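Shown next: final.tsv, containing TSV, C-alpha atoms and all ligand atoms.
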chain	number	residue	atom	x	y	z
K	1	MET	CA	2.16	4.49	17.35
K	2	MET	CA	2.25	1.91	14.60
K	3	ASP	CA	0.81	2.40	11.16
K	4	ARG	CA	-2.58	0.92	10.59
K	5	ILE	CA	-2.66	-2.85	10.41
K	6	TYR	CA	-4.80	-4.21	7.58
K	7	MET	CA	-5.94	-7.79	8.16
K	8	ASP	CA	-9.08	-7.83	6.04
K	9	ASN	CA	-7.55	-9.18	2.85
K	10	ALA	CA	-10.36	-11.68	2.28
K	11	ALA	CA	-12.65	-8.65	1.74
K	12	THR	CA	-10.28	-6.86	-0.59
K	13	THR	CA	-6.56	-6.27	-1.11
K	14	ALA	CA	-4.43	-3.26	-2.03
K	15	ILE	CA	-3.38	-3.02	-5.69
K	16	CYS	CA	0.26	-4.15	-5.98
K	17	PRO	CA	2.80	-1.83	-7.68
K	18	GLU	CA	3.22	-4.28	-10.58
K	19	ALA	CA	-0.52	-4.18	-11.35
K	20	LEU	CA	-0.65	-0.41	-11.11
K	21	ALA	CA	2.38	-0.01	-13.39
K	22	ALA	CA	0.78	-2.33	-15.94
K	23	MET	CA	-2.51	-0.43	-15.83
K	24	LEU	CA	-1.25	3.14	-16.25
K	25	PRO	CA	-0.35	2.90	-19.98
K	26	CYS	CA	-3.88	1.55	-20.64
K	27	PHE	CA	-5.27	4.91	-19.54
K	28	GLY	CA	-2.74	6.59	-21.84
K	29	GLU	CA	-1.26	5.20	-25.05
K	30	HIS	CA	-3.27	1.95	-24.97
K	31	PHE	CA	-6.60	3.72	-24.44
K	32	GLY	CA	-8.10	2.23	-27.61
K	33	ASN	CA	-11.17	0.06	-28.01
K	34	ALA	CA	-9.83	-3.48	-28.32
K	35	SER	CA	-12.46	-4.22	-30.97
K	36	SER	CA	-11.40	-1.39	-33.33
K	37	ILE	CA	-9.37	-2.42	-36.37
K	38	HIS	CA	-7.06	0.63	-36.45
K	39	GLY	CA	-3.64	0.73	-34.82
K	40	THR	CA	-4.88	2.27	-31.57
K	41	GLY	CA	-7.44	-0.50	-31.24
K	42	ARG	CA	-4.89	-3.15	-32.15
K	43	ASP	CA	-2.52	-1.90	-29.43
K	44	ALA	CA	-5.27	-2.35	-26.85
K	45	ARG	CA	-6.15	-5.76	-28.31
K	46	LYS	CA	-2.54	-6.88	-27.97
K	47	VAL	CA	-2.25	-6.08	-24.25
K	48	LEU	CA	-5.69	-7.61	-23.70
K	49	GLU	CA	-4.73	-10.89	-25.36
K	50	ASP	CA	-1.39	-10.96	-23.53
K	51	ALA	CA	-3.37	-10.68	-20.28
K	52	ARG	CA	-5.66	-13.52	-21.37
K	53	ARG	CA	-2.65	-15.75	-22.02
K	54	THR	CA	-1.21	-14.91	-18.59
K	55	VAL	CA	-4.45	-15.82	-16.81
K	56	ALA	CA	-4.81	-19.02	-18.88
K	57	ASP	CA	-1.22	-20.09	-18.13
K	58	VAL	CA	-1.67	-19.66	-14.38
K	59	LEU	CA	-4.82	-21.82	-14.42
K	60	GLY	CA	-3.49	-24.44	-16.85
K	61	ALA	CA	-6.17	-23.43	-19.37
K	62	LYS	CA	-6.21	-22.31	-23.01
K	63	PRO	CA	-6.51	-18.56	-23.69
K	64	ALA	CA	-9.75	-19.20	-25.64
K	65	GLU	CA	-11.29	-20.61	-22.44
K	66	ILE	CA	-10.80	-17.37	-20.44
K	67	TYR	CA	-13.65	-14.82	-20.44
K	68	PHE	CA	-13.15	-11.51	-18.68
K	69	THR	CA	-15.99	-10.28	-16.46
K	70	SER	CA	-16.72	-7.49	-13.97
K	71	GLY	CA	-15.69	-9.63	-10.97
K	72	GLY	CA	-16.32	-12.74	-8.95
K	73	SER	CA	-20.05	-12.12	-8.52
K	74	GLU	CA	-20.62	-11.81	-12.26
K	75	SER	CA	-18.53	-14.90	-12.98
K	76	ASP	CA	-20.62	-16.90	-10.48
K	77	ASN	CA	-23.89	-15.53	-11.88
K	78	TRP	CA	-22.88	-16.26	-15.46
K	79	ALA	CA	-21.61	-19.77	-14.75
K	80	ILE	CA	-24.67	-20.85	-12.79
K	81	LYS	CA	-27.48	-19.12	-14.71
K	82	GLY	CA	-25.74	-19.75	-18.03
K	83	ALA	CA	-25.36	-23.48	-17.43
K	84	ALA	CA	-28.82	-23.81	-15.86
K	85	PHE	CA	-30.71	-22.34	-18.81
K	86	ALA	CA	-28.49	-23.86	-21.52
K	87	ASN	CA	-29.10	-27.36	-20.11
K	88	ARG	CA	-32.71	-26.98	-19.04
K	89	LYS	CA	-33.95	-29.61	-21.49
K	90	LYS	CA	-31.66	-32.17	-19.84
K	91	GLY	CA	-32.81	-31.45	-16.31
K	92	ASN	CA	-33.48	-28.82	-13.67
K	93	HIS	CA	-31.45	-29.97	-10.67
K	94	ILE	CA	-28.43	-28.13	-9.26
K	95	ILE	CA	-26.16	-29.20	-6.38
K	96	THR	CA	-24.28	-26.66	-4.26
K	97	SER	CA	-23.31	-26.26	-0.60
K	98	GLN	CA	-24.72	-24.30	2.33
K	99	ILE	CA	-21.49	-22.32	2.78
K	100	GLU	CA	-21.12	-20.79	-0.67
K	101	HIS	CA	-20.67	-17.05	-1.18
K	102	HIS	CA	-23.94	-15.16	-1.61
K	103	ALA	CA	-23.09	-14.67	-5.30
K	104	VAL	CA	-23.71	-18.41	-5.64
K	105	LEU	CA	-26.41	-18.91	-2.99
K	106	HIS	CA	-28.62	-16.00	-4.05
K	107	THR	CA	-28.26	-16.98	-7.70
K	108	CYS	CA	-29.40	-20.52	-6.85
K	109	GLN	CA	-32.30	-19.17	-4.79
K	110	TRP	CA	-33.36	-17.03	-7.75
K	111	LEU	CA	-33.16	-20.06	-10.04
K	112	GLU	CA	-35.49	-21.93	-7.69
K	113	LYS	CA	-38.11	-19.26	-8.45
K	114	GLN	CA	-37.55	-20.00	-12.15
K	115	GLY	CA	-38.42	-23.67	-11.68
K	116	PHE	CA	-35.01	-25.16	-10.91
K	117	GLU	CA	-34.45	-27.45	-7.94
K	118	VAL	CA	-31.41	-26.91	-5.77
K	119	THR	CA	-29.78	-29.19	-3.19
K	120	TYR	CA	-27.78	-27.21	-0.61
K	121	LEU	CA	-25.37	-29.78	0.83
K	122	PRO	CA	-24.49	-29.54	4.52
K	123	VAL	CA	-20.84	-29.41	5.64
K	124	ASP	CA	-19.07	-30.98	8.61
K	125	GLU	CA	-17.87	-29.10	11.71
K	126	TYR	CA	-14.79	-27.88	9.80
K	127	GLY	CA	-16.78	-26.63	6.83
K	128	LEU	CA	-15.83	-29.54	4.57
K	129	VAL	CA	-18.16	-30.79	1.86
K	130	ASN	CA	-18.10	-34.59	1.69
K	131	PRO	CA	-17.63	-35.81	-1.91
K	132	ARG	CA	-19.80	-38.83	-1.09
K	133	ASP	CA	-22.66	-36.45	-0.23
K	134	VAL	CA	-22.21	-34.84	-3.64
K	135	GLU	CA	-22.42	-38.22	-5.35
K	136	ALA	CA	-25.46	-39.26	-3.30
K	137	ALA	CA	-27.30	-36.06	-4.24
K	138	ILE	CA	-26.94	-36.64	-8.00
K	139	THR	CA	-30.16	-37.56	-9.82
K	140	ASP	CA	-30.88	-38.09	-13.52
K	141	LYS	CA	-32.02	-34.44	-13.58
K	142	THR	CA	-28.77	-32.97	-12.21
K	143	ILE	CA	-27.19	-30.56	-14.70
K	144	LEU	CA	-24.77	-28.56	-12.57
K	145	ILE	CA	-22.63	-28.89	-9.44
K	146	SER	CA	-21.18	-25.68	-7.94
K	147	ILE	CA	-18.79	-25.94	-4.97
K	148	MET	CA	-16.33	-23.29	-3.83
K	149	ALA	CA	-12.58	-23.98	-3.69
K	150	ALA	CA	-11.99	-22.20	-0.39
K	151	ASN	CA	-14.42	-20.52	1.95
K	152	ASN	CA	-14.15	-16.75	2.30
K	153	GLU	CA	-15.08	-16.71	5.99
K	154	ILE	CA	-13.44	-19.71	7.61
K	155	GLY	CA	-10.77	-20.46	4.99
K	156	THR	CA	-11.57	-24.16	4.63
K	157	ILE	CA	-10.19	-25.68	1.41
K	158	GLU	CA	-12.69	-28.07	-0.17
K	159	PRO	CA	-11.81	-31.43	-1.81
K	160	ILE	CA	-12.32	-30.00	-5.30
K	161	PRO	CA	-10.37	-32.63	-7.32
K	162	GLU	CA	-12.49	-35.42	-5.79
K	163	ILE	CA	-15.76	-33.57	-6.36
K	164	GLY	CA	-14.72	-32.69	-9.90
K	165	GLN	CA	-13.96	-36.32	-10.66
K	166	ILE	CA	-17.40	-37.37	-9.46
K	167	ALA	CA	-19.04	-34.65	-11.56
K	168	HIS	CA	-17.16	-35.78	-14.67
K	169	GLU	CA	-17.87	-39.48	-14.11
K	170	HIS	CA	-21.55	-38.51	-14.12
K	171	LYS	CA	-21.08	-36.10	-17.07
K	172	ILE	CA	-22.37	-33.17	-15.01
K	173	ILE	CA	-21.01	-29.66	-15.46
K	174	PHE	CA	-18.83	-28.63	-12.52
K	175	HIS	CA	-18.41	-24.97	-11.55
K	176	CYS	CA	-16.00	-23.83	-8.83
K	177	ASP	CA	-15.99	-20.42	-7.17
K	178	ALA	CA	-12.22	-20.12	-6.72
K	179	VAL	CA	-12.24	-16.42	-5.84
K	180	GLN	CA	-10.45	-17.00	-2.51
K	181	ALA	CA	-8.16	-19.70	-3.86
K	182	VAL	CA	-6.66	-18.09	-6.96
K	183	GLY	CA	-3.45	-16.33	-5.99
K	184	ALA	CA	-3.38	-18.11	-2.60
K	185	ILE	CA	-3.05	-21.84	-3.40
K	186	PRO	CA	-2.21	-23.78	-6.59
K	187	VAL	CA	-5.17	-23.94	-8.98
K	188	ASN	CA	-5.27	-26.10	-12.09
K	189	VAL	CA	-8.44	-26.61	-14.09
K	190	ASP	CA	-7.49	-30.11	-15.28
K	191	ALA	CA	-6.25	-31.43	-11.94
K	192	TRP	CA	-9.44	-30.06	-10.40
K	193	HIS	CA	-11.72	-31.44	-13.17
K	194	VAL	CA	-13.61	-28.15	-13.35
K	195	ASP	CA	-15.64	-26.99	-16.36
K	196	MET	CA	-16.05	-23.44	-15.09
K	197	LEU	CA	-14.05	-21.48	-12.53
K	198	SER	CA	-14.61	-17.97	-11.14
K	199	LEU	CA	-11.88	-15.58	-10.04
K	200	SER	CA	-11.73	-11.91	-9.06
K	201	GLY	CA	-8.86	-9.43	-9.45
K	202	HIS	CA	-9.26	-7.50	-6.20
K	203	LYS	CA	-8.78	-10.59	-4.03
K	204	PHE	CA	-5.15	-11.01	-5.16
K	205	HIS	CA	-3.88	-7.41	-5.36
K	206	GLY	CA	-5.43	-6.57	-8.72
K	207	PRO	CA	-8.04	-3.85	-9.28
K	208	LYS	CA	-11.72	-4.05	-8.29
K	209	GLY	CA	-14.47	-4.51	-10.84
K	210	VAL	CA	-12.68	-7.10	-12.94
K	211	GLY	CA	-12.62	-10.88	-12.85
K	212	ALA	CA	-12.66	-13.87	-15.13
K	213	LEU	CA	-14.68	-16.98	-15.82
K	214	TYR	CA	-12.88	-20.02	-17.16
K	215	ILE	CA	-15.20	-22.04	-19.43
K	216	ARG	CA	-13.84	-25.39	-20.63
K	217	THR	CA	-14.15	-25.87	-24.39
K	218	GLY	CA	-17.43	-27.64	-25.19
K	219	THR	CA	-19.27	-26.63	-21.98
K	220	LYS	CA	-22.86	-25.63	-22.73
K	221	VAL	CA	-23.36	-22.17	-21.18
K	222	ASP	CA	-25.67	-19.40	-22.36
K	223	GLN	CA	-24.35	-15.97	-23.21
K	224	PHE	CA	-24.57	-13.57	-20.25
K	225	LEU	CA	-24.49	-9.98	-21.55
K	226	HIS	CA	-26.21	-9.42	-24.90
K	227	GLY	CA	-24.92	-6.74	-27.23
K	228	GLY	CA	-21.67	-6.56	-29.17
K	229	ALA	CA	-19.50	-9.51	-30.13
K	230	GLN	CA	-16.83	-9.05	-27.45
K	231	GLU	CA	-15.35	-12.09	-25.68
K	232	ARG	CA	-16.00	-14.33	-28.72
K	233	GLY	CA	-19.65	-13.27	-28.80
K	234	ARG	CA	-20.33	-14.51	-25.25
K	235	ARG	CA	-20.11	-11.33	-23.20
K	236	ALA	CA	-20.91	-7.95	-24.68
K	237	THR	CA	-19.48	-4.60	-23.52
K	238	THR	CA	-16.26	-2.86	-24.46
K	239	GLU	CA	-13.43	-4.64	-22.67
K	240	ASN	CA	-12.10	-3.11	-19.43
K	241	VAL	CA	-8.52	-3.15	-20.73
K	242	PRO	CA	-6.85	-1.37	-17.75
K	243	GLY	CA	-8.62	-3.62	-15.25
K	244	ILE	CA	-7.87	-6.80	-17.17
K	245	VAL	CA	-4.20	-5.92	-17.65
K	246	GLY	CA	-3.85	-5.00	-13.97
K	247	MET	CA	-5.50	-8.23	-12.87
K	248	ALA	CA	-3.20	-10.30	-15.08
K	249	ALA	CA	-0.09	-8.56	-13.73
K	250	ALA	CA	-1.22	-9.14	-10.15
K	251	LEU	CA	-1.99	-12.79	-10.89
K	252	ALA	CA	1.40	-13.36	-12.53
K	253	LYS	CA	3.10	-11.94	-9.45
K	254	ALA	CA	0.97	-13.98	-7.04
K	255	ALA	CA	1.63	-17.16	-9.04
K	256	ALA	CA	5.38	-16.54	-9.12
K	257	ASN	CA	5.50	-16.12	-5.32
K	258	LEU	CA	2.82	-18.66	-4.43
K	259	GLU	CA	4.98	-21.20	-2.63
K	260	GLU	CA	7.15	-18.72	-0.76
K	261	ASN	CA	4.14	-16.65	0.34
K	262	GLY	CA	2.24	-19.78	1.30
K	263	VAL	CA	4.99	-20.94	3.67
K	264	ARG	CA	5.40	-17.50	5.25
K	265	LEU	CA	1.68	-16.85	5.62
K	266	THR	CA	1.04	-20.28	7.08
K	267	TYR	CA	3.63	-19.52	9.76
K	268	LEU	CA	2.05	-16.13	10.56
K	269	ARG	CA	-1.45	-17.61	10.48
K	270	ASP	CA	-0.58	-20.39	12.90
K	271	LYS	CA	1.27	-18.01	15.22
K	272	LEU	CA	-1.82	-15.81	15.30
K	273	ILE	CA	-4.18	-18.73	15.90
K	274	LYS	CA	-2.05	-20.22	18.67
K	275	GLY	CA	-1.47	-16.81	20.25
K	276	ILE	CA	-5.20	-16.05	20.36
K	277	LEU	CA	-6.24	-19.47	21.65
K	278	ASP	CA	-3.51	-19.35	24.33
K	279	ALA	CA	-4.30	-15.82	25.53
K	280	VAL	CA	-8.09	-15.63	25.20
K	281	PRO	CA	-10.19	-18.01	27.30
K	282	TYR	CA	-13.36	-19.45	25.70
K	283	ALA	CA	-12.15	-18.93	22.16
K	284	ARG	CA	-12.28	-21.53	19.38
K	285	LEU	CA	-10.87	-21.82	15.87
K	286	ASN	CA	-13.43	-21.99	13.08
K	287	GLY	CA	-12.60	-24.00	9.97
K	288	HIS	CA	-10.06	-26.77	9.47
K	289	SER	CA	-6.63	-26.34	11.08
K	290	LEU	CA	-4.70	-27.78	8.08
K	291	LYS	CA	-7.04	-27.71	5.06
K	292	ARG	CA	-7.04	-23.96	5.35
K	293	LEU	CA	-6.09	-20.91	3.27
K	294	PRO	CA	-2.59	-19.77	4.29
K	295	GLY	CA	-3.78	-16.29	5.29
K	296	ASN	CA	-7.08	-17.07	7.05
K	297	VAL	CA	-7.73	-16.86	10.78
K	298	ASN	CA	-11.31	-17.16	12.04
K	299	VAL	CA	-12.05	-17.51	15.74
K	300	SER	CA	-15.21	-17.35	17.82
K	301	ILE	CA	-14.77	-15.60	21.13
K	302	GLN	CA	-17.61	-16.37	23.49
K	303	TYR	CA	-19.41	-13.77	25.57
K	304	ILE	CA	-18.58	-10.80	23.36
K	305	GLU	CA	-20.22	-9.19	20.33
K	306	GLY	CA	-18.16	-9.40	17.15
K	307	GLU	CA	-19.21	-5.89	16.12
K	308	ALA	CA	-18.04	-4.38	19.40
K	309	LEU	CA	-14.73	-6.19	19.03
K	310	LEU	CA	-14.28	-4.86	15.48
K	311	LEU	CA	-14.91	-1.28	16.60
K	312	ARG	CA	-12.38	-1.58	19.42
K	313	LEU	CA	-9.81	-3.14	17.08
K	314	ASP	CA	-10.43	-0.33	14.59
K	315	LEU	CA	-9.74	2.22	17.33
K	316	ALA	CA	-6.47	0.41	17.93
K	317	GLY	CA	-5.66	0.75	14.20
K	318	ILE	CA	-6.43	-2.85	13.27
K	319	ALA	CA	-8.79	-3.61	10.35
K	320	ALA	CA	-10.49	-6.99	10.69
K	321	SER	CA	-13.89	-8.47	9.91
K	322	SER	CA	-16.61	-10.35	11.74
K	323	GLY	CA	-17.38	-12.97	9.12
K	324	SER	CA	-17.75	-11.48	5.66
K	325	ALA	CA	-17.98	-7.81	4.73
K	326	CYS	CA	-21.24	-8.56	2.94
K	327	THR	CA	-22.93	-9.90	6.06
K	328	SER	CA	-21.59	-7.38	8.52
K	329	GLY	CA	-24.05	-4.54	8.76
K	330	SER	CA	-26.82	-7.07	9.16
K	331	LEU	CA	-27.47	-8.64	12.53
K	332	ASP	CA	-28.00	-12.15	11.18
K	333	PRO	CA	-25.21	-14.49	12.16
K	334	SER	CA	-23.12	-15.78	9.28
K	335	HIS	CA	-24.71	-18.65	7.31
K	336	VAL	CA	-21.26	-20.30	7.21
K	337	LEU	CA	-20.81	-20.32	10.98
K	338	LEU	CA	-24.34	-21.67	11.46
K	339	ALA	CA	-23.66	-24.38	8.85
K	340	ILE	CA	-20.61	-25.64	10.78
K	341	GLY	CA	-22.90	-25.99	13.79
K	342	LEU	CA	-22.12	-22.95	15.93
K	343	PRO	CA	-24.99	-21.74	18.13
K	344	HIS	CA	-26.21	-18.21	17.27
K	345	GLU	CA	-24.59	-16.59	20.29
K	346	VAL	CA	-21.18	-18.09	19.52
K	347	ALA	CA	-21.43	-17.19	15.83
K	348	HIS	CA	-22.08	-13.58	16.86
K	349	GLY	CA	-18.73	-13.32	18.58
K	350	SER	CA	-16.57	-14.27	15.64
K	351	LEU	CA	-13.54	-12.54	14.22
K	352	ARG	CA	-11.81	-12.98	10.87
K	353	LEU	CA	-8.23	-11.82	10.40
K	354	SER	CA	-7.07	-12.35	6.81
K	355	LEU	CA	-3.40	-11.89	5.97
K	356	THR	CA	-1.47	-11.32	2.78
K	357	ASP	CA	2.19	-11.13	1.77
K	358	SER	CA	2.50	-7.52	2.94
K	359	ASN	CA	1.58	-8.38	6.55
K	360	THR	CA	4.52	-8.71	8.93
K	361	GLU	CA	5.34	-10.67	12.07
K	362	GLU	CA	5.47	-7.37	14.00
K	363	GLU	CA	1.83	-6.80	13.01
K	364	VAL	CA	0.88	-10.28	14.19
K	365	ASP	CA	2.64	-9.58	17.51
K	366	GLU	CA	0.82	-6.26	17.85
K	367	VAL	CA	-2.57	-7.94	17.32
K	368	LEU	CA	-1.64	-10.55	19.91
K	369	ARG	CA	-0.69	-7.76	22.33
K	370	VAL	CA	-3.90	-5.75	21.80
K	371	LEU	CA	-6.62	-8.35	21.29
K	372	PRO	CA	-6.65	-10.17	24.67
K	373	LYS	CA	-6.87	-6.84	26.50
K	374	ILE	CA	-9.82	-5.70	24.36
K	375	VAL	CA	-11.61	-9.01	24.91
K	376	SER	CA	-11.22	-8.80	28.69
K	377	ASP	CA	-12.41	-5.16	28.65
K	378	LEU	CA	-15.50	-6.10	26.66
K	379	ARG	CA	-16.20	-9.09	28.86
K	380	ALA	CA	-15.89	-6.92	31.96
K	381	MET	CA	-18.87	-4.95	30.58
K	382	SER	CA	-20.85	-8.00	29.48
K	383	PRO	CA	-23.78	-9.22	31.60
K	384	MET	CA	-23.58	-12.52	29.65
K	385	TYR	CA	-20.02	-13.10	30.83
K	386	ASP	CA	-20.93	-12.03	34.35
K	387	ASP	CA	-23.72	-14.60	34.50
K	388	PHE	CA	-21.43	-17.26	33.09
K	389	ILE	CA	-18.61	-16.61	35.57
K	390	ASN	CA	-21.05	-16.38	38.52
K	391	GLY	CA	-22.79	-19.54	37.36
K	392	LYS	CA	-19.45	-21.33	37.47
K	393	LYS	CA	-18.63	-20.26	41.02
K	401	LIG	C1	-15.24	-11.78	-2.90
K	401	LIG	C2	-15.88	-13.07	-3.31
K	401	LIG	C3	-16.80	-13.11	-4.36
K	401	LIG	C4	-17.28	-11.87	-5.06
K	401	LIG	O1	-16.26	-11.29	-5.86
K	401	LIG	P1	-16.46	-9.77	-6.36
K	401	LIG	O2	-15.35	-9.59	-7.34
K	401	LIG	O3	-16.32	-8.90	-5.17
K	401	LIG	O4	-17.80	-9.70	-7.00
K	401	LIG	C5	-17.33	-14.33	-4.71
K	401	LIG	N1	-16.96	-15.46	-4.08
K	401	LIG	C6	-16.06	-15.47	-3.08
K	401	LIG	C7	-15.68	-16.76	-2.43
K	401	LIG	C8	-15.49	-14.27	-2.65
K	401	LIG	O5	-14.63	-14.27	-1.64
Kindly present the structure from the file in structure tokens form.
Ligand SMILES: *Cc1c(COP(=O)(O)O)cnc(C)c1O
Amino acid sequence: MMDRIYMDNAATTAICPEALAAMLPCFGEHFGNASSIHGTGRDARKVLEDARRTVADVLGAKPAEIYFTSGGSESDNWAIKGAAFANRKKGNHIITSQIEHHAVLHTCQWLEKQGFEVTYLPVDEYGLVNPRDVEAAITDKTILISIMAANNEIGTIEPIPEIGQIAHEHKIIFHCDAVQAVGAIPVNVDAWHVDMLSLSGHKFHGPKGVGALYIRTGTKVDQFLHGGAQERGRRATTENVPGIVGMAAALAKAAANLEENGVRLTYLRDKLIKGILDAVPYARLNGHSLKRLPGNVNVSIQYIEGEALLLRLDLAGIAASSGSACTSGSLDPSHVLLAIGLPHEVAHGSLRLSLTDSNTEEEVDEVLRVLPKIVSDLRAMSPMYDDFINGKK
């Protein structure tokens, strides 16, 4: 019996030993309030500012442009609402895509109720946003463009540098939800022409409940949390020093191993994809085969229910996901899979396996051994599959 196999790293990752080791002293000797002027406070302030420099260095930003938040969702909310209201006099139009994370989509939908107008750009069959569509959607009222770096369900990597360049040519603020990209692929705020960028600690082996928003100097964005003067007066609340320090340590490690992990994960990913498509009839890959996060596998397997597949995999000790953790539990098919053109019934039978540096080739082989058998078992019980096979005869 093998240990459990965890392949749901797009939902969350385990804290790495380096992050944990960096955090522990913050619960002990560095417990101080980073805003206090005494020595205990100054100790906390020092580790906090070291962490800010680490995050800034990895992104190619200045430390003063890094604002710590409670996670990816808050960073997205702050960026979008903050830019929308701060620039309301200039216009009320926002451009985003149909495949964004709900932290972006639901924020935009809320803004529509506040009088903003939002264009939700379609994507192609691979989940790619076309930069020309972005440019064509710009009006003289457009104040913000928000496009994700890499999709959390299908792993597609968007043409962010091109979109950023268009935004800047038109002097429009560009926000990028890079929560899935940071720690997985190279990210640079200047090369990407972004004005704001969201990241989240728990997606790259840091702790949960902590993230950051990069805000380029000079970007007009309203304050998000009102209260004390923390984060240069732009986000109140006593800083989460242990979380921030842990996130920075995890990010430094991920950045140092980025290339090596990328090569290894790409190999495992492609072995898994090929193995599934070879062994499971009526399966398809979702997302782009090359412009893809190194650790992301997303396949639709026709004539089965994704939820049933997940339960059977769980029984076999394999943790996977059927789309995103946020949408599982509801019976609606994923908005991302519908946006790439999958019919409802195909979208329902989808499986996401997301890998990280701690996954091994033995684990990939085990999944490839177990999965085809589970699929044929489930299909043997499926009236849909029965009808399909009989229809073919
Ligand atoms: C996980 C995720 C978020 C939300 O981050 P939290 O830190 O969990 O709030 C936002 N966007 C994307 C693309 C994500 O994958």
Where's the centre, and what are the edge lengths in Å to one decimal, of a box along x, y and z enclosing all listed atoms of ligand LIG 401 (chain K) padded 5 Å per side, as AutoDock Vina command-line options?
--center_x -16.2 --center_y -12.8 --center_z -4.5 --size_x 13.2 --size_y 17.9 --size_z 15.7
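Residues with any atom within 10 Å of the point (-6.8, -1.7, 14.7), counting all atoms listed in the file, are Met2, Asp3, Arg4, Ile5, Tyr6, Met7, Leu310, Leu311, Arg312, Leu313, Asp314, Leu315, Ala316, Gly317, Ile318, Ala319, Ala320, Glu366, Val367, Val370 and Leu371 of chain K.
For the set K:Thr107, K:Asn130, K:Asn92, K:Asn152, the residue with the smallest atom-to-atom gap to ligand LIG 401 (chain K) is K:Asn152, counting all atoms listed in the file.
Minimum atom-to-atom distance to ligand LIG 401 (chain K), evaluated using only C-alpha atoms and all ligand atoms, belongs to K:Asn296 out of K:Asn87, K:Thr238, K:Thr54, K:Asn296.
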Quiz item: What residues have any atom no more than 9 Å from ligand LIG 401 (chain K) when counting all atoms listed in the file, and can you list them as a PyMOL selection string?
Solution: chain K and resi 10-12+70-76+100-104+148-153+177-181+198-203+208-211+324+326
Mind writing the picked residues with C-alpha atoms as a PDB file, keeping the file's coordinate frame?
ATOM      1  CA  ALA K  10     -10.360 -11.680   2.280  1.00  0.00           C
ATOM      2  CA  ALA K  11     -12.650  -8.650   1.740  1.00  0.00           C
ATOM      3  CA  THR K  12     -10.280  -6.860  -0.590  1.00  0.00           C
ATOM      4  CA  SER K  70     -16.720  -7.490 -13.970  1.00  0.00           C
ATOM      5  CA  GLY K  71     -15.690  -9.630 -10.970  1.00  0.00           C
ATOM      6  CA  GLY K  72     -16.320 -12.740  -8.950  1.00  0.00           C
ATOM      7  CA  SER K  73     -20.050 -12.120  -8.520  1.00  0.00           C
ATOM      8  CA  GLU K  74     -20.620 -11.810 -12.260  1.00  0.00           C
ATOM      9  CA  SER K  75     -18.530 -14.900 -12.980  1.00  0.00           C
ATOM     10  CA  ASP K  76     -20.620 -16.900 -10.480  1.00  0.00           C
ATOM     11  CA  GLU K 100     -21.120 -20.790  -0.670  1.00  0.00           C
ATOM     12  CA  HIS K 101     -20.670 -17.050  -1.180  1.00  0.00           C
ATOM     13  CA  HIS K 102     -23.940 -15.160  -1.610  1.00  0.00           C
ATOM     14  CA  ALA K 103     -23.090 -14.670  -5.300  1.00  0.00           C
ATOM     15  CA  VAL K 104     -23.710 -18.410  -5.640  1.00  0.00           C
ATOM     16  CA  MET K 148     -16.330 -23.290  -3.830  1.00  0.00           C
ATOM     17  CA  ALA K 149     -12.580 -23.980  -3.690  1.00  0.00           C
ATOM     18  CA  ALA K 150     -11.990 -22.200  -0.390  1.00  0.00           C
ATOM     19  CA  ASN K 151     -14.420 -20.520   1.950  1.00  0.00           C
ATOM     20  CA  ASN K 152     -14.150 -16.750   2.300  1.00  0.00           C
ATOM     21  CA  GLU K 153     -15.080 -16.710   5.990  1.00  0.00           C
ATOM     22  CA  ASP K 177     -15.990 -20.420  -7.170  1.00  0.00           C
ATOM     23  CA  ALA K 178     -12.220 -20.120  -6.720  1.00  0.00           C
ATOM     24  CA  VAL K 179     -12.240 -16.420  -5.840  1.00  0.00           C
ATOM     25  CA  GLN K 180     -10.450 -17.000  -2.510  1.00  0.00           C
ATOM     26  CA  ALA K 181      -8.160 -19.700  -3.860  1.00  0.00           C
ATOM     27  CA  SER K 198     -14.610 -17.970 -11.140  1.00  0.00           C
ATOM     28  CA  LEU K 199     -11.880 -15.580 -10.040  1.00  0.00           C
ATOM     29  CA  SER K 200     -11.730 -11.910  -9.060  1.00  0.00           C
ATOM     30  CA  GLY K 201      -8.860  -9.430  -9.450  1.00  0.00           C
ATOM     31  CA  HIS K 202      -9.260  -7.500  -6.200  1.00  0.00           C
ATOM     32  CA  LYS K 203      -8.780 -10.590  -4.030  1.00  0.00           C
ATOM     33  CA  LYS K 208     -11.720  -4.050  -8.290  1.00  0.00           C
ATOM     34  CA  GLY K 209     -14.470  -4.510 -10.840  1.00  0.00           C
ATOM     35  CA  VAL K 210     -12.680  -7.100 -12.940  1.00  0.00           C
ATOM     36  CA  GLY K 211     -12.620 -10.880 -12.850  1.00  0.00           C
ATOM     37  CA  SER K 324     -17.750 -11.480   5.660  1.00  0.00           C
ATOM     38  CA  CYS K 326     -21.240  -8.560   2.940  1.00  0.00           C
TER      39      CYS K 326
END
